[in-house]
file my_file17.cif (mmCIF, C-alpha atoms)
data_upload
loop_
_atom_site.label_atom_id
_atom_site.label_comp_id
_atom_site.auth_asym_id
_atom_site.auth_seq_id
_atom_site.Cartn_x
_atom_site.Cartn_y
_atom_site.Cartn_z
CA MET W 1 1.65 -39.70 6.18
CA ASN W 2 -1.24 -42.07 5.68
CA ILE W 3 -4.60 -40.75 4.54
CA ASP W 4 -6.89 -40.39 7.53
CA TRP W 5 -10.22 -40.62 5.72
CA LYS W 6 -12.26 -40.12 8.91
CA ASN W 7 -10.68 -36.73 9.59
CA LEU W 8 -10.29 -35.40 6.06
CA PHE W 9 -11.81 -31.89 5.75
CA LYS W 10 -12.97 -31.87 9.39
CA ILE W 11 -12.35 -28.81 11.53
CA ARG W 12 -10.90 -29.77 14.90
CA ILE W 13 -11.06 -27.37 17.83
CA ALA W 14 -7.62 -26.85 19.37
CA ASN W 15 -8.88 -25.18 22.53
CA PRO W 16 -12.55 -24.54 23.42
CA ASP W 17 -11.65 -21.64 25.73
CA GLU W 18 -13.25 -18.28 24.83
CA SER W 19 -9.80 -16.73 24.43
CA PHE W 20 -9.25 -18.98 21.38
CA ALA W 21 -12.47 -17.98 19.59
CA LYS W 22 -10.74 -15.77 17.01
CA HIS W 23 -8.11 -18.46 16.40
CA GLU W 24 -10.81 -21.02 15.62
CA VAL W 25 -12.77 -18.62 13.40
CA VAL W 26 -9.60 -17.80 11.42
CA LYS W 27 -8.89 -21.53 11.01
CA LEU W 28 -12.43 -22.18 9.77
CA LEU W 29 -12.27 -19.30 7.28
CA ILE W 30 -8.92 -20.42 5.89
CA VAL W 31 -10.18 -23.99 5.38
CA MET W 32 -13.32 -22.63 3.69
CA LYS W 33 -11.19 -20.49 1.37
CA ILE W 34 -8.98 -23.43 0.44
CA LEU W 35 -12.03 -25.58 -0.29
CA ASN W 36 -13.60 -22.84 -2.40
CA LYS W 37 -10.39 -22.39 -4.37
CA HIS W 38 -10.02 -26.12 -5.00
CA ARG W 39 -13.47 -27.28 -6.05
CA ARG W 40 -12.23 -30.72 -7.14
CA ARG W 41 -11.60 -32.15 -3.71
CA ASN W 42 -10.24 -35.45 -4.94
CA TRP W 43 -6.94 -33.60 -5.58
CA ILE W 44 -6.53 -32.10 -2.12
CA ARG W 45 -6.30 -33.17 1.52
CA ILE W 46 -6.90 -30.89 4.48
CA TYR W 47 -6.44 -31.76 8.14
CA THR W 48 -6.66 -29.50 11.17
CA GLU W 49 -4.76 -30.04 14.41
CA HIS W 50 -3.14 -33.11 12.86
CA LYS W 51 -0.02 -34.52 14.53
CA LEU W 52 3.13 -34.77 12.39
CA ASN W 53 6.26 -36.09 14.11
CA GLY W 54 6.00 -33.80 17.13
CA MET W 55 4.40 -30.90 15.25
CA THR W 56 0.73 -30.04 15.13
CA PRO W 57 0.00 -27.44 12.45
CA ASP W 58 -3.31 -25.65 12.74
CA ILE W 59 -4.00 -26.55 9.10
CA TYR W 60 -2.20 -29.17 7.00
CA PHE W 61 -2.95 -28.92 3.27
CA GLU W 62 -1.78 -31.26 0.48
CA ASN W 63 -2.23 -30.52 -3.21
CA LEU W 64 -1.87 -33.84 -4.99
CA LYS W 65 -1.71 -32.26 -8.46
CA THR W 66 1.17 -29.92 -7.73
CA LYS W 67 2.78 -32.20 -5.10
CA GLU W 68 2.96 -29.34 -2.59
CA VAL W 69 2.24 -29.24 1.12
CA ILE W 70 1.30 -26.08 2.99
CA CYS W 71 1.14 -25.92 6.77
CA TYR W 72 -0.60 -23.00 8.43
CA GLU W 73 0.28 -21.84 11.93
CA ILE W 74 -2.18 -19.32 13.36
CA GLN W 75 -0.31 -17.50 16.08
CA LYS W 76 -1.11 -14.75 18.55
CA LYS W 77 2.43 -13.82 19.59
CA ILE W 78 5.14 -14.27 17.01
CA THR W 79 8.72 -13.91 18.17
CA LYS W 80 11.86 -14.26 16.11
CA ALA W 81 12.90 -17.33 18.14
CA TRP W 82 9.49 -19.00 17.66
CA THR W 83 9.57 -18.27 13.91
CA GLU W 84 13.09 -19.70 13.57
CA GLU W 85 12.16 -22.82 15.54
CA LYS W 86 9.00 -23.48 13.50
CA THR W 87 10.77 -22.79 10.21
CA LYS W 88 13.52 -25.24 11.15
CA GLN W 89 10.96 -27.91 12.18
CA TYR W 90 9.02 -27.65 8.93
CA ASN W 91 12.18 -27.46 6.78
CA ASN W 92 13.31 -30.75 8.32
CA TYR W 93 9.95 -32.46 7.77
CA ASP W 94 9.85 -34.60 4.64
CA VAL W 95 6.63 -35.66 2.93
CA PRO W 96 7.31 -38.63 0.65
CA PHE W 97 6.41 -38.07 -3.01
CA PHE W 98 5.87 -34.31 -2.53
CA LYS W 99 8.16 -31.59 -3.94
CA SER W 100 7.86 -29.00 -1.21
CA ILE W 101 6.48 -28.11 2.18
CA ASP W 102 5.74 -24.49 2.97
CA LEU W 103 4.94 -22.85 6.27
CA ILE W 104 2.52 -19.94 6.37
CA ILE W 105 2.33 -18.05 9.64
CA VAL W 106 -0.93 -16.17 10.14
CA PRO W 107 -0.49 -13.31 12.65
CA ILE W 108 -3.83 -13.28 14.45
CA GLU W 109 -3.12 -10.00 16.26
CA LYS W 110 -2.86 -8.12 12.95
CA LEU W 111 -6.25 -9.35 11.73
CA SER W 112 -9.49 -7.50 12.19
CA ASN W 113 -12.17 -8.54 14.69
CA ASP W 114 -14.83 -7.58 12.15
CA LEU W 115 -15.89 -10.77 10.35
CA GLU W 116 -16.26 -9.19 6.89
CA LYS W 117 -12.88 -7.44 7.10
CA LEU W 118 -11.27 -10.57 8.53
CA ASN W 119 -12.62 -12.64 5.66
CA LYS W 120 -11.06 -10.26 3.11
CA GLU W 121 -7.75 -10.02 4.99
CA LEU W 122 -7.31 -13.80 4.92
CA GLU W 123 -7.29 -13.82 1.10
CA GLU W 124 -3.57 -13.01 1.14
CA TYR W 125 -2.79 -16.31 2.90
CA ILE W 126 -4.41 -18.53 0.25
CA PHE W 127 -2.24 -19.70 -2.63
#

call {"tool": "encode", "arguments": {"input": "my_file17.cif", "output": "structure tokens"}}
result
Amino acid sequence: MNIDWKNLFKIRIANPDESFAKHEVVKLLIVMKILNKHRRRNWIRIYTEHKLNGMTPDIYFENLKTKEVICYEIQKKITKAWTEEKTKQYNNYDVPFFKSIDLIIVPIEKLSNDLEKLNKELEEYIF
């Protein structure tokens, strides 16, 4: 993947419909938490709603120091079939010069609607 300097660290809205409000808030909070954890931004890359060979993870995160990639999928309804399909897609995706690619599925239905509680709950998804 080439570096897309114009879209680095930008939050892209997947769907402006009101029903996606919580999804977009969760995405924003996760990106904020990643940025706060990694203060030296010259070692990381974050894209949202970025296309990767037929996949569009909600958040795509590269750590250049550790050579790891983490893709976040924020999902309302998680089925076993969906999880297996996404896991297979991401396991087959290769990022040149990186050691690993991990998929983190964030179950939006299990998260609080209260902003303060939501913010604390999302801590467990940041590595």

call {"tool": "closest_residue", "arguments": {"input": "my_file17.cif", "among": "W:Lys76, W:Lys86, W:Lys10, W:His50", "to": "Glu109 (chain W)", "atoms": "only C-alpha atoms"}}
result
W:Lys76

call {"tool": "resolve_selection", "arguments": {"input": "my_file17.cif", "expression": "the PyMOL selection byres ((chain W and resi 122) around 12)", "output": "JSON list (two decimals) with C-alpha atoms, in the coordinates of the input"}}
result
[["chain", "number", "residue", "atom", "x", "y", "z"],
["W", 25, "VAL", "CA", -12.77, -18.62, 13.40],
["W", 26, "VAL", "CA", -9.60, -17.80, 11.42],
["W", 27, "LYS", "CA", -8.89, -21.53, 11.01],
["W", 28, "LEU", "CA", -12.43, -22.18, 9.77],
["W", 29, "LEU", "CA", -12.27, -19.30, 7.28],
["W", 30, "ILE", "CA", -8.92, -20.42, 5.89],
["W", 31, "VAL", "CA", -10.18, -23.99, 5.38],
["W", 32, "MET", "CA", -13.32, -22.63, 3.69],
["W", 33, "LYS", "CA", -11.19, -20.49, 1.37],
["W", 34, "ILE", "CA", -8.98, -23.43, 0.44],
["W", 72, "TYR", "CA", -0.60, -23.00, 8.43],
["W", 74, "ILE", "CA", -2.18, -19.32, 13.36],
["W", 104, "ILE", "CA", 2.52, -19.94, 6.37],
["W", 105, "ILE", "CA", 2.33, -18.05, 9.64],
["W", 106, "VAL", "CA", -0.93, -16.17, 10.14],
["W", 107, "PRO", "CA", -0.49, -13.31, 12.65],
["W", 108, "ILE", "CA", -3.83, -13.28, 14.45],
["W", 110, "LYS", "CA", -2.86, -8.12, 12.95],
["W", 111, "LEU", "CA", -6.25, -9.35, 11.73],
["W", 112, "SER", "CA", -9.49, -7.50, 12.19],
["W", 115, "LEU", "CA", -15.89, -10.77, 10.35],
["W", 116, "GLU", "CA", -16.26, -9.19, 6.89],
["W", 117, "LYS", "CA", -12.88, -7.44, 7.10],
["W", 118, "LEU", "CA", -11.27, -10.57, 8.53],
["W", 119, "ASN", "CA", -12.62, -12.64, 5.66],
["W", 120, "LYS", "CA", -11.06, -10.26, 3.11],
["W", 121, "GLU", "CA", -7.75, -10.02, 4.99],
["W", 123, "GLU", "CA", -7.29, -13.82, 1.10],
["W", 124, "GLU", "CA", -3.57, -13.01, 1.14],
["W", 125, "TYR", "CA", -2.79, -16.31, 2.90],
["W", 126, "ILE", "CA", -4.41, -18.53, 0.25],
["W", 127, "PHE", "CA", -2.24, -19.70, -2.63]]

call {"tool": "residues_around", "arguments": {"input": "my_file17.cif", "residues": "region 52-64 of chain W", "least_positions_apart": "5", "cutoff": "10 Å", "atoms": "all atoms listed in the file", "output": "JSON, numbers by chain"}}
result
{"W": [1, 9, 11, 12, 13, 14, 23, 24, 27, 28, 30, 31, 34, 38, 41, 42, 43, 44, 45, 46, 47, 69, 70, 71, 72, 73, 74, 75, 86, 89, 90, 93, 95, 97, 98, 101, 102, 103, 104, 105]}
